[in-house]
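structure.pdb (PDB, C-alpha atoms) appears below.
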```pdb
ATOM      1  CA  MET I  31      95.373  71.048  66.019
ATOM      2  CA  MET I  32      98.344  68.757  66.628
ATOM      3  CA  SER I  33      97.870  65.053  66.140
ATOM      4  CA  GLU I  34      98.056  62.709  69.099
ATOM      5  CA  THR I  35     101.421  61.384  67.946
ATOM      6  CA  ASP I  36     103.160  64.767  68.332
ATOM      7  CA  LYS I  37     105.028  64.849  71.640
ATOM      8  CA  ILE I  38     104.956  67.778  74.020
ATOM      9  CA  LEU I  39     107.842  68.249  76.453
ATOM     10  CA  ILE I  40     106.862  69.502  79.914
ATOM     11  CA  THR I  41     109.686  70.708  82.154
ATOM     12  CA  GLY I  42     109.044  70.891  85.882
ATOM     13  CA  ALA I  43     106.475  68.152  85.301
ATOM     14  CA  GLY I  44     106.651  66.833  88.863
ATOM     15  CA  GLY I  45     105.532  70.057  90.553
ATOM     16  CA  LYS I  46     101.948  71.096  91.196
ATOM     17  CA  THR I  47     101.766  73.159  87.996
ATOM     18  CA  GLY I  48     103.390  70.429  85.907
ATOM     19  CA  LEU I  49     101.102  67.714  87.265
ATOM     20  CA  ALA I  50      98.015  69.839  86.573
ATOM     21  CA  VAL I  51      99.126  70.636  83.008
ATOM     22  CA  CYS I  52     100.059  67.010  82.295
ATOM     23  CA  ALA I  53      96.654  65.847  83.549
ATOM     24  CA  ALA I  54      94.867  68.382  81.334
ATOM     25  CA  LEU I  55      96.890  67.314  78.300
ATOM     26  CA  ILE I  56      96.398  63.598  78.902
ATOM     27  CA  GLU I  57      92.660  64.184  79.142
ATOM     28  CA  LYS I  58      92.865  65.626  75.622
ATOM     29  CA  GLY I  59      94.833  62.627  74.325
ATOM     30  CA  ALA I  60      98.221  64.359  74.038
ATOM     31  CA  ALA I  61     101.499  62.421  73.995
ATOM     32  CA  LEU I  62     103.959  63.729  76.598
ATOM     33  CA  ARG I  63     107.588  63.653  77.610
ATOM     34  CA  ALA I  64     108.044  64.764  81.218
ATOM     35  CA  TRP I  65     111.241  66.295  82.586
ATOM     36  CA  VAL I  66     111.582  65.899  86.360
ATOM     37  CA  ARG I  67     114.363  66.555  88.810
ATOM     38  CA  ARG I  68     114.419  63.130  90.512
ATOM     39  CA  ASP I  69     113.209  59.601  89.803
ATOM     40  CA  ALA I  70     110.820  59.868  92.755
ATOM     41  CA  ASN I  71     108.943  62.612  90.892
ATOM     42  CA  THR I  72     107.938  60.187  88.138
ATOM     43  CA  ALA I  73     105.508  58.163  90.305
ATOM     44  CA  PRO I  74     102.396  60.387  90.049
ATOM     45  CA  LEU I  75     103.044  60.927  86.352
ATOM     46  CA  ARG I  76     103.301  57.193  85.699
ATOM     47  CA  GLN I  77      99.931  56.808  87.419
ATOM     48  CA  MET I  78      98.528  59.252  84.851
ATOM     49  CA  GLY I  79      99.936  57.148  82.022
ATOM     50  CA  VAL I  80     103.135  59.084  81.223
ATOM     51  CA  ASP I  81     105.980  56.715  80.291
ATOM     52  CA  ASP I  82     108.574  58.986  78.627
ATOM     53  CA  PHE I  83     110.848  60.795  81.080
ATOM     54  CA  ILE I  84     113.938  62.937  81.270
ATOM     55  CA  VAL I  85     115.387  62.933  84.790
ATOM     56  CA  GLY I  86     118.001  65.410  85.944
ATOM     57  CA  ASP I  87     119.207  68.991  86.111
ATOM     58  CA  LEU I  88     117.683  71.568  83.747
ATOM     59  CA  LEU I  89     121.158  73.123  83.437
ATOM     60  CA  ASP I  90     122.531  69.955  81.794
ATOM     61  CA  PHE I  91     122.670  70.839  78.092
ATOM     62  CA  SER I  92     123.190  67.224  76.998
ATOM     63  CA  LEU I  93     119.915  66.355  78.747
ATOM     64  CA  ALA I  94     118.227  69.353  77.123
ATOM     65  CA  GLU I  95     119.376  68.158  73.702
ATOM     66  CA  ARG I  96     118.029  64.666  74.383
ATOM     67  CA  ALA I  97     114.787  66.033  75.807
ATOM     68  CA  MET I  98     114.027  68.094  72.698
ATOM     69  CA  ARG I  99     114.477  65.293  70.150
ATOM     70  CA  GLY I 100     111.208  64.495  68.435
ATOM     71  CA  ILE I 101     109.413  67.282  70.303
ATOM     72  CA  ARG I 102     107.114  69.681  68.495
ATOM     73  CA  VAL I 103     106.211  72.010  71.377
ATOM     74  CA  VAL I 104     107.865  72.538  74.765
ATOM     75  CA  TYR I 105     106.170  73.911  77.870
ATOM     76  CA  HIS I 106     108.812  75.262  80.226
ATOM     77  CA  ILE I 107     107.798  75.574  83.875
ATOM     78  CA  PRO I 108     110.837  77.011  85.668
ATOM     79  CA  PRO I 109     111.800  75.933  89.190
ATOM     80  CA  ASN I 110     110.560  78.280  91.913
ATOM     81  CA  MET I 111     112.905  81.008  93.111
ATOM     82  CA  HIS I 112     115.926  79.645  91.240
ATOM     83  CA  PRO I 113     118.948  81.977  90.977
ATOM     84  CA  ASP I 114     119.861  80.518  87.558
ATOM     85  CA  GLU I 115     116.421  80.765  85.958
ATOM     86  CA  LEU I 116     117.720  82.811  83.028
ATOM     87  CA  ARG I 117     120.598  80.411  82.364
ATOM     88  CA  ILE I 118     118.205  77.436  82.505
ATOM     89  CA  ALA I 119     115.915  79.080  79.948
ATOM     90  CA  GLU I 120     118.818  79.990  77.653
ATOM     91  CA  ASN I 121     119.936  76.355  77.821
ATOM     92  CA  LEU I 122     116.488  75.105  76.843
ATOM     93  CA  ILE I 123     115.927  77.692  74.129
ATOM     94  CA  ARG I 124     119.266  76.781  72.522
ATOM     95  CA  ALA I 125     118.378  73.083  72.584
ATOM     96  CA  ALA I 126     114.901  73.794  71.204
ATOM     97  CA  ARG I 127     116.367  75.816  68.338
ATOM     98  CA  SER I 128     118.985  73.197  67.443
ATOM     99  CA  ASN I 129     116.314  70.468  67.391
ATOM    100  CA  GLU I 130     113.879  72.583  65.346
ATOM    101  CA  VAL I 131     111.165  72.579  67.999
ATOM    102  CA  LEU I 132     108.283  74.528  66.477
ATOM    103  CA  ARG I 133     107.165  76.490  69.532
ATOM    104  CA  PHE I 134     108.420  77.282  73.024
ATOM    105  CA  VAL I 135     105.669  77.985  75.557
ATOM    106  CA  TYR I 136     106.950  79.682  78.693
ATOM    107  CA  HIS I 137     105.226  79.673  82.080
ATOM    108  CA  SER I 138     106.041  83.194  83.258
ATOM    109  CA  VAL I 139     104.239  85.286  85.893
ATOM    110  CA  LEU I 140     101.757  88.134  86.156
ATOM    111  CA  HIS I 141     103.600  91.472  85.806
ATOM    112  CA  PRO I 142     107.152  90.279  85.139
ATOM    113  CA  GLN I 143     108.026  93.952  84.606
ATOM    114  CA  ALA I 144     108.122  94.464  88.401
ATOM    115  CA  GLU I 145     111.869  94.857  88.976
ATOM    116  CA  GLU I 146     111.441  95.062  92.757
ATOM    117  CA  MET I 147     110.633  91.328  92.733
ATOM    118  CA  PRO I 148     113.776  89.514  91.512
ATOM    119  CA  HIS I 149     111.985  86.340  90.379
ATOM    120  CA  HIS I 150     109.549  88.414  88.290
ATOM    121  CA  TRP I 151     112.443  90.358  86.783
ATOM    122  CA  GLN I 152     114.248  87.134  85.862
ATOM    123  CA  LYS I 153     111.146  85.997  84.022
ATOM    124  CA  LEU I 154     111.063  89.246  82.078
ATOM    125  CA  ARG I 155     114.651  88.568  81.001
ATOM    126  CA  VAL I 156     113.596  85.094  79.842
ATOM    127  CA  GLU I 157     110.740  86.602  77.845
ATOM    128  CA  GLU I 158     113.241  88.982  76.246
ATOM    129  CA  ARG I 159     115.463  86.033  75.262
ATOM    130  CA  LEU I 160     112.502  84.392  73.568
ATOM    131  CA  PHE I 161     111.835  87.536  71.523
ATOM    132  CA  THR I 162     115.352  87.397  70.073
ATOM    133  CA  SER I 163     115.775  83.606  69.870
ATOM    134  CA  GLY I 164     114.234  82.992  66.472
ATOM    135  CA  VAL I 165     112.024  80.316  68.067
ATOM    136  CA  ASP I 166     108.255  80.753  67.866
ATOM    137  CA  PHE I 167     106.851  81.319  71.351
ATOM    138  CA  THR I 168     103.812  81.743  73.546
ATOM    139  CA  ILE I 169     104.063  83.242  77.038
ATOM    140  CA  LEU I 170     101.587  82.591  79.850
ATOM    141  CA  GLN I 171     101.558  85.005  82.794
ATOM    142  CA  PRO I 172      99.450  83.503  85.609
ATOM    143  CA  ALA I 173      98.465  85.284  88.793
ATOM    144  CA  VAL I 174      98.879  83.793  92.271
ATOM    145  CA  TYR I 175      97.178  80.405  92.521
ATOM    146  CA  MET I 176      94.055  80.087  94.632
ATOM    147  CA  GLN I 177      95.525  76.724  95.681
ATOM    148  CA  ASN I 178      98.283  78.531  97.619
ATOM    149  CA  LEU I 179      95.670  79.022 100.338
ATOM    150  CA  LEU I 180      95.770  75.268 100.992
ATOM    151  CA  GLY I 181      99.257  75.645 102.468
ATOM    152  CA  TYR I 182      97.635  77.523 105.362
ATOM    153  CA  TRP I 183      94.710  75.117 105.728
ATOM    154  CA  GLN I 184      95.813  73.415 108.943
ATOM    155  CA  SER I 185      96.064  76.734 110.776
ATOM    156  CA  ILE I 186      92.786  77.932 109.264
ATOM    157  CA  GLU I 187      90.853  74.840 110.354
ATOM    158  CA  ARG I 188      92.551  74.288 113.704
ATOM    159  CA  ASP I 189      93.020  77.852 114.924
ATOM    160  CA  GLY I 190      90.774  79.953 112.703
ATOM    161  CA  VAL I 191      93.851  81.942 111.638
ATOM    162  CA  TYR I 192      94.992  82.799 108.108
ATOM    163  CA  GLY I 193      98.459  84.241 108.681
ATOM    164  CA  ILE I 194     100.527  85.887 105.944
ATOM    165  CA  PRO I 195     103.805  87.860 106.091
ATOM    166  CA  TYR I 196     102.459  91.028 104.416
ATOM    167  CA  SER I 197      99.494  93.371 104.771
ATOM    168  CA  ILE I 198      96.159  91.571 105.081
ATOM    169  CA  ASP I 199      94.640  94.409 103.024
ATOM    170  CA  ALA I 200      96.896  93.990  99.966
ATOM    171  CA  PRO I 201      94.658  93.152  96.942
ATOM    172  CA  LEU I 202      95.892  90.208  94.881
ATOM    173  CA  SER I 203      94.420  88.801  91.708
ATOM    174  CA  GLN I 204      94.243  85.033  91.972
ATOM    175  CA  VAL I 205      93.621  82.206  89.527
ATOM    176  CA  ASP I 206      92.537  78.588  89.844
ATOM    177  CA  LEU I 207      95.391  76.250  88.879
ATOM    178  CA  ALA I 208      92.896  74.028  87.053
ATOM    179  CA  ASP I 209      91.980  76.992  84.832
ATOM    180  CA  VAL I 210      95.670  77.652  84.143
ATOM    181  CA  ALA I 211      96.199  74.000  83.218
ATOM    182  CA  GLU I 212      93.169  73.987  80.911
ATOM    183  CA  ALA I 213      94.346  77.162  79.188
ATOM    184  CA  ALA I 214      97.901  75.826  78.883
ATOM    185  CA  ALA I 215      96.637  72.609  77.293
ATOM    186  CA  SER I 216      94.678  74.582  74.705
ATOM    187  CA  VAL I 217      97.663  76.785  73.922
ATOM    188  CA  LEU I 218      99.938  73.756  73.536
ATOM    189  CA  LEU I 219      97.569  71.812  71.309
ATOM    190  CA  GLU I 220      96.395  74.632  69.055
ATOM    191  CA  GLU I 221      98.565  76.359  66.472
ATOM    192  CA  SER I 222      96.869  79.752  66.674
ATOM    193  CA  HIS I 223      98.861  81.119  69.628
ATOM    194  CA  SER I 224     102.102  82.069  67.906
ATOM    195  CA  CYS I 225     103.895  85.102  69.411
ATOM    196  CA  ALA I 226     101.121  85.568  71.993
ATOM    197  CA  ILE I 227     101.485  86.794  75.581
ATOM    198  CA  TYR I 228      98.527  85.881  77.783
ATOM    199  CA  GLU I 229      97.766  87.237  81.255
ATOM    200  CA  LEU I 230      95.902  84.568  83.248
ATOM    201  CA  CYS I 231      93.796  85.947  86.099
ATOM    202  CA  GLY I 232      90.611  85.028  87.895
ATOM    203  CA  PRO I 233      87.722  87.486  88.201
ATOM    204  CA  GLU I 234      88.625  89.087  91.560
ATOM    205  CA  ALA I 235      91.506  90.770  93.359
ATOM    206  CA  LEU I 236      91.036  89.789  97.010
ATOM    207  CA  SER I 237      92.886  90.777 100.148
ATOM    208  CA  ALA I 238      93.597  88.221 102.867
ATOM    209  CA  ARG I 239      91.038  89.994 105.025
ATOM    210  CA  GLU I 240      88.383  89.472 102.340
ATOM    211  CA  ALA I 241      89.488  85.862 101.800
ATOM    212  CA  ALA I 242      89.153  85.204 105.553
ATOM    213  CA  GLN I 243      85.612  86.574 105.488
ATOM    214  CA  ARG I 244      84.719  84.161 102.671
ATOM    215  CA  LEU I 245      86.375  81.311 104.568
ATOM    216  CA  SER I 246      84.303  82.127 107.633
ATOM    217  CA  GLN I 247      81.129  81.847 105.578
ATOM    218  CA  TYR I 248      82.051  78.531 103.960
ATOM    219  CA  LEU I 249      83.497  76.890 107.078
ATOM    220  CA  GLY I 250      80.741  78.148 109.350
ATOM    221  CA  LYS I 251      83.177  79.479 111.958
ATOM    222  CA  PRO I 252      85.270  82.636 112.400
ATOM    223  CA  VAL I 253      88.512  82.882 110.444
ATOM    224  CA  GLU I 254      90.790  85.856 111.069
ATOM    225  CA  ALA I 255      93.450  87.178 108.715
ATOM    226  CA  VAL I 256      96.635  88.010 110.623
ATOM    227  CA  GLU I 257      99.867  89.651 109.470
ATOM    228  CA  ILE I 258     102.861  87.554 110.511
ATOM    229  CA  ASP I 259     106.091  89.276 111.534
ATOM    230  CA  ARG I 260     108.443  88.986 108.543
ATOM    231  CA  ASP I 261     111.575  88.614 110.680
ATOM    232  CA  ALA I 262     109.998  85.663 112.481
ATOM    233  CA  TRP I 263     108.907  84.204 109.125
ATOM    234  CA  GLN I 264     112.465  84.578 107.795
ATOM    235  CA  ARG I 265     114.000  82.771 110.780
ATOM    236  CA  LYS I 266     111.477  79.943 110.473
ATOM    237  CA  MET I 267     112.069  79.448 106.749
ATOM    238  CA  LEU I 268     115.864  79.454 107.070
ATOM    239  CA  ALA I 269     115.671  77.004 109.984
ATOM    240  CA  GLY I 270     113.448  74.794 107.826
ATOM    241  CA  GLY I 271     116.061  74.585 105.078
ATOM    242  CA  MET I 272     114.836  77.175 102.567
ATOM    243  CA  SER I 273     117.757  78.761 100.742
ATOM    244  CA  GLU I 274     118.830  82.284 101.621
ATOM    245  CA  TYR I 275     118.221  83.344  98.007
ATOM    246  CA  ALA I 276     114.640  82.040  98.071
ATOM    247  CA  VAL I 277     113.922  83.632 101.457
ATOM    248  CA  ASN I 278     115.261  87.027 100.405
ATOM    249  CA  THR I 279     113.399  86.852  97.088
ATOM    250  CA  LEU I 280     110.131  86.055  98.841
ATOM    251  CA  LEU I 281     110.666  88.860 101.354
ATOM    252  CA  LYS I 282     110.978  91.327  98.480
ATOM    253  CA  MET I 283     107.808  89.893  96.968
ATOM    254  CA  PHE I 284     105.928  90.331 100.260
ATOM    255  CA  LEU I 285     107.072  93.938 100.483
ATOM    256  CA  TYR I 286     105.921  94.559  96.905
ATOM    257  CA  TYR I 287     102.530  93.044  97.647
ATOM    258  CA  GLU I 288     102.216  95.203 100.734
ATOM    259  CA  ASN I 289     103.096  98.401  98.896
ATOM    260  CA  TYR I 290     101.250  97.866  95.618
ATOM    261  CA  GLY I 291      99.146  94.725  95.622
ATOM    262  CA  MET I 292      98.950  92.796  92.331
ATOM    263  CA  ARG I 293      95.970  93.176  90.016
ATOM    264  CA  GLY I 294      95.270  91.627  86.637
ATOM    265  CA  ASN I 295      92.372  91.243  84.233
ATOM    266  CA  PRO I 296      90.319  88.040  83.593
ATOM    267  CA  ASN I 297      89.339  88.769  79.977
ATOM    268  CA  VAL I 298      92.176  86.862  78.311
ATOM    269  CA  LEU I 299      91.651  83.760  80.431
ATOM    270  CA  ARG I 300      87.922  83.926  79.671
ATOM    271  CA  MET I 301      88.767  83.972  75.966
ATOM    272  CA  LEU I 302      91.109  80.983  76.234
ATOM    273  CA  LEU I 303      88.689  78.907  78.311
ATOM    274  CA  GLY I 304      85.560  79.822  76.390
ATOM    275  CA  ARG I 305      83.830  80.346  79.746
ATOM    276  CA  ASN I 306      84.124  82.500  82.845
ATOM    277  CA  PRO I 307      87.196  81.769  84.979
ATOM    278  CA  THR I 308      86.631  80.046  88.308
ATOM    279  CA  THR I 309      85.709  82.409  91.128
ATOM    280  CA  PHE I 310      87.255  82.261  94.593
ATOM    281  CA  ASP I 311      83.895  81.187  96.009
ATOM    282  CA  GLU I 312      83.653  78.335  93.483
ATOM    283  CA  PHE I 313      87.182  77.258  94.384
ATOM    284  CA  LEU I 314      86.398  77.307  98.112
ATOM    285  CA  SER I 315      83.170  75.390  97.663
ATOM    286  CA  ALA I 316      84.942  72.662  95.640
ATOM    287  CA  GLU I 317      87.844  72.352  98.098
ATOM    288  CA  ILE I 318      85.586  72.154 101.155
ATOM    289  CA  GLN I 319      83.508  69.454  99.473
ATOM    290  CA  LYS I 320      86.711  67.434  98.957
ATOM    291  CA  LEU I 321      87.483  67.681 102.673
ATOM    292  CA  ASP I 322      84.003  66.670 103.833
TER     293      ASP I 322
END
```
Could you render the structure as structure tokens?
Amino acid sequence: MMSETDKILITGAGGKTGLAVCAALIEKGAALRAWVRRDANTAPLRQMGVDDFIVGDLLDFSLAERAMRGIRVVYHIPPNMHPDELRIAENLIRAARSNEVLRFVYHSVLHPQAEEMPHHWQKLRVEERLFTSGVDFTILQPAVYMQNLLGYWQSIERDGVYGIPYSIDAPLSQVDLADVAEAAASVLLEESHSCAIYELCGPEALSAREAAQRLSQYLGKPVEAVEIDRDAWQRKMLAGGMSEYAVNTLLKMFLYYENYGMRGNPNVLRMLLGRNPTTFDEFLSAEIQKLD
């Protein structure tokens, strides 16, 4: 177990994954350095008690060198749908090696081997770089977050509609972000996870149709899963400012989900947590209680 004086660097600390992991680490008494994109992203972290920040672009090698000084373990959460994800990781791995960081923990994705999804394939390339880097590593491969459902909550509550741009019958393994954060904190603080690759999945693979049925039960009113037209979704996202690369990458992901689904196994997460992973029903019950 690392002492409380050993600093852990968290990249992408201002996003939902980074905030959850930082909170889990702070609860365990860990000392953190948080790398965020903008000064505005420091506010929620300061409220948690974080006071050591790197602010700026992950592609800036001089920042990467500064970020790694005095760091024992780094947890790299890459930016979503970034065309330079591999170059960012190579930058960080090089800085970690030159500063003798002991372990590089990488937040990857369930089934990075799926070449039809470009952002998964980029993560596989990052994993490959870690294998040949000479830096000790741990790789976490989480499934889709249960919390992603909350992005549709307004439509679900107001209209009773859960609309997604792929088949409502595609089965997807999901995982509670809080479980991922708890597992990540354990991996970062314990020294027994060298060279490990961990698939992080909850206990069920649910389709949107099945999720809507559970929502109906918990909300006490009908909720219908509906497949949104992908062309209409694309126009809306581009008009809203999403980059063309991100839109096209997500469209390929939706098509993959529709054709194959995405299933994983909960056993590894159960081992890391020392308990059963959170079920979808437990997640729904907790979220609805927050809203009441």
Is it possible to get the residues within 8 Å of (121.1, 85.4, 80.8) (coordinates as in the file, counting all atoms listed in the file) written as a short mmCIF file (atom, residue, chain, number, x, y, z; two decimals) with C-alpha atoms, in the frame of the given file?
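Once everything was written out, this is part22.cif:
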```cif
data_model
loop_
_atom_site.label_atom_id
_atom_site.label_comp_id
_atom_site.auth_asym_id
_atom_site.auth_seq_id
_atom_site.Cartn_x
_atom_site.Cartn_y
_atom_site.Cartn_z
CA LEU I 116 117.72 82.81 83.03
CA ARG I 117 120.60 80.41 82.36
CA GLU I 120 118.82 79.99 77.65
CA ARG I 155 114.65 88.57 81.00
CA VAL I 156 113.60 85.09 79.84
CA ARG I 159 115.46 86.03 75.26
#
```
Using 5 Å of padding on each side, determine the axis-aligned box around all atoms of region 188-192 of chain I present in the file and give its centre and edge lengths in Å to one decimal, as AutoDock Vina command-line options.
```
--center_x 92.9 --center_y 78.5 --center_z 111.5 --size_x 14.2 --size_y 18.5 --size_z 16.8
```
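When CA of Ala276 (chain I) is paired with CA of Val191 (chain I), their separation reads 24.8 Å.
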Using the chain letters and residue numbers of this document, give as a PDB file with C-alpha atoms, in the frame of the given file the residues selected by the PyMOL selection byres ((chain I and resi 225-242) around 6).
```pdb
ATOM      1  CA  PHE I 167     106.851  81.319  71.351  1.00  0.00           C
ATOM      2  CA  THR I 168     103.812  81.743  73.546  1.00  0.00           C
ATOM      3  CA  ILE I 169     104.063  83.242  77.038  1.00  0.00           C
ATOM      4  CA  LEU I 170     101.587  82.591  79.850  1.00  0.00           C
ATOM      5  CA  GLN I 171     101.558  85.005  82.794  1.00  0.00           C
ATOM      6  CA  PRO I 172      99.450  83.503  85.609  1.00  0.00           C
ATOM      7  CA  ALA I 173      98.465  85.284  88.793  1.00  0.00           C
ATOM      8  CA  ILE I 198      96.159  91.571 105.081  1.00  0.00           C
ATOM      9  CA  ASP I 199      94.640  94.409 103.024  1.00  0.00           C
ATOM     10  CA  ALA I 200      96.896  93.990  99.966  1.00  0.00           C
ATOM     11  CA  PRO I 201      94.658  93.152  96.942  1.00  0.00           C
ATOM     12  CA  LEU I 202      95.892  90.208  94.881  1.00  0.00           C
ATOM     13  CA  SER I 203      94.420  88.801  91.708  1.00  0.00           C
ATOM     14  CA  GLN I 204      94.243  85.033  91.972  1.00  0.00           C
ATOM     15  CA  VAL I 205      93.621  82.206  89.527  1.00  0.00           C
ATOM     16  CA  HIS I 223      98.861  81.119  69.628  1.00  0.00           C
ATOM     17  CA  SER I 224     102.102  82.069  67.906  1.00  0.00           C
ATOM     18  CA  GLN I 243      85.612  86.574 105.488  1.00  0.00           C
ATOM     19  CA  ARG I 244      84.719  84.161 102.671  1.00  0.00           C
ATOM     20  CA  LEU I 245      86.375  81.311 104.568  1.00  0.00           C
ATOM     21  CA  VAL I 253      88.512  82.882 110.444  1.00  0.00           C
ATOM     22  CA  GLU I 254      90.790  85.856 111.069  1.00  0.00           C
ATOM     23  CA  ALA I 255      93.450  87.178 108.715  1.00  0.00           C
ATOM     24  CA  GLY I 294      95.270  91.627  86.637  1.00  0.00           C
ATOM     25  CA  ASN I 295      92.372  91.243  84.233  1.00  0.00           C
ATOM     26  CA  PRO I 296      90.319  88.040  83.593  1.00  0.00           C
ATOM     27  CA  LEU I 299      91.651  83.760  80.431  1.00  0.00           C
ATOM     28  CA  PRO I 307      87.196  81.769  84.979  1.00  0.00           C
TER      29      PRO I 307
END
```
Compile a residue-level contact table for region 138-256 of chain I against region 108-111 of chain I at a cut-off of 9 Å, reporting for every qualifying residue the shortest atom pair and its distance in Å to one decimal, with all atoms listed in the file counted, rows ordered by chain and ascending number, as a tab-separated table.
```
residue	atom	partner	partner_atom	distance
I:Ser138	CA	I:Pro108	CA	8.2
I:Pro148	CA	I:Met111	CA	8.7
I:His149	CA	I:Met111	CA	6.1
```
Determine, counting all atoms listed in the file, which protein, DNA and RNA residues have an atom within 8 Å of an atom of Val80 (chain I); residues of the same chain fewer than 2 positions away are not included. Present the result as number ranges by chain.
-> I: 62-64, 75-78, 82-83
Given the file shown, determine the residues that the PyMOL selection byres ((chain I and resi 106) around 10) selects; report them as a PyMOL selection string.
-> chain I and resi 39-43+48+65+103-105+107-109+118-119+122-123+134-138+169
Find, counting all atoms listed in the file, the residue in I:Val131, I:Met176, I:Val165, I:Thr47 that gets nearest to Ala316 (chain I).
-> I:Met176
Which residues come within 7 Å of region 86-96 of chain I, counting only C-alpha atoms, excluding same-chain residues fewer than 4 positions away, as number ranges by chain?
-> I: 66-68, 118, 121-122, 125
Got time to write the residues from that selection, C-alpha atoms, as an mmCIF file, in the coordinates of the input?
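Below is the file that was written, part_1.cif:
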```cif
data_model
loop_
_atom_site.group_PDB
_atom_site.id
_atom_site.type_symbol
_atom_site.label_atom_id
_atom_site.label_comp_id
_atom_site.auth_asym_id
_atom_site.auth_seq_id
_atom_site.Cartn_x
_atom_site.Cartn_y
_atom_site.Cartn_z
ATOM 1 C CA VAL I 66 111.582 65.899 86.360
ATOM 2 C CA ARG I 67 114.363 66.555 88.810
ATOM 3 C CA ARG I 68 114.419 63.130 90.512
ATOM 4 C CA ILE I 118 118.205 77.436 82.505
ATOM 5 C CA ASN I 121 119.936 76.355 77.821
ATOM 6 C CA LEU I 122 116.488 75.105 76.843
ATOM 7 C CA ALA I 125 118.378 73.083 72.584
#
```
Looking at I:Asn278, I:Ser128, I:Asn178, I:Asn306, which one is nearest to Leu207 (chain I), with distances taken over only C-alpha atoms?
-> I:Asn178
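Taking CA of Thr72 (chain I) and CA of Ala50 (chain I) as endpoints, the distance between them is 13.9 Å.
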Looking at I:Val277, I:Ala215, I:Glu187, I:Glu312, which one is nearest to Ala262 (chain I), with distances taken over all atoms listed in the file?
->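 Comparing I:Val277, I:Ala215, I:Glu187, I:Glu312 against Ala262 (chain I), the winner is I:Val277.
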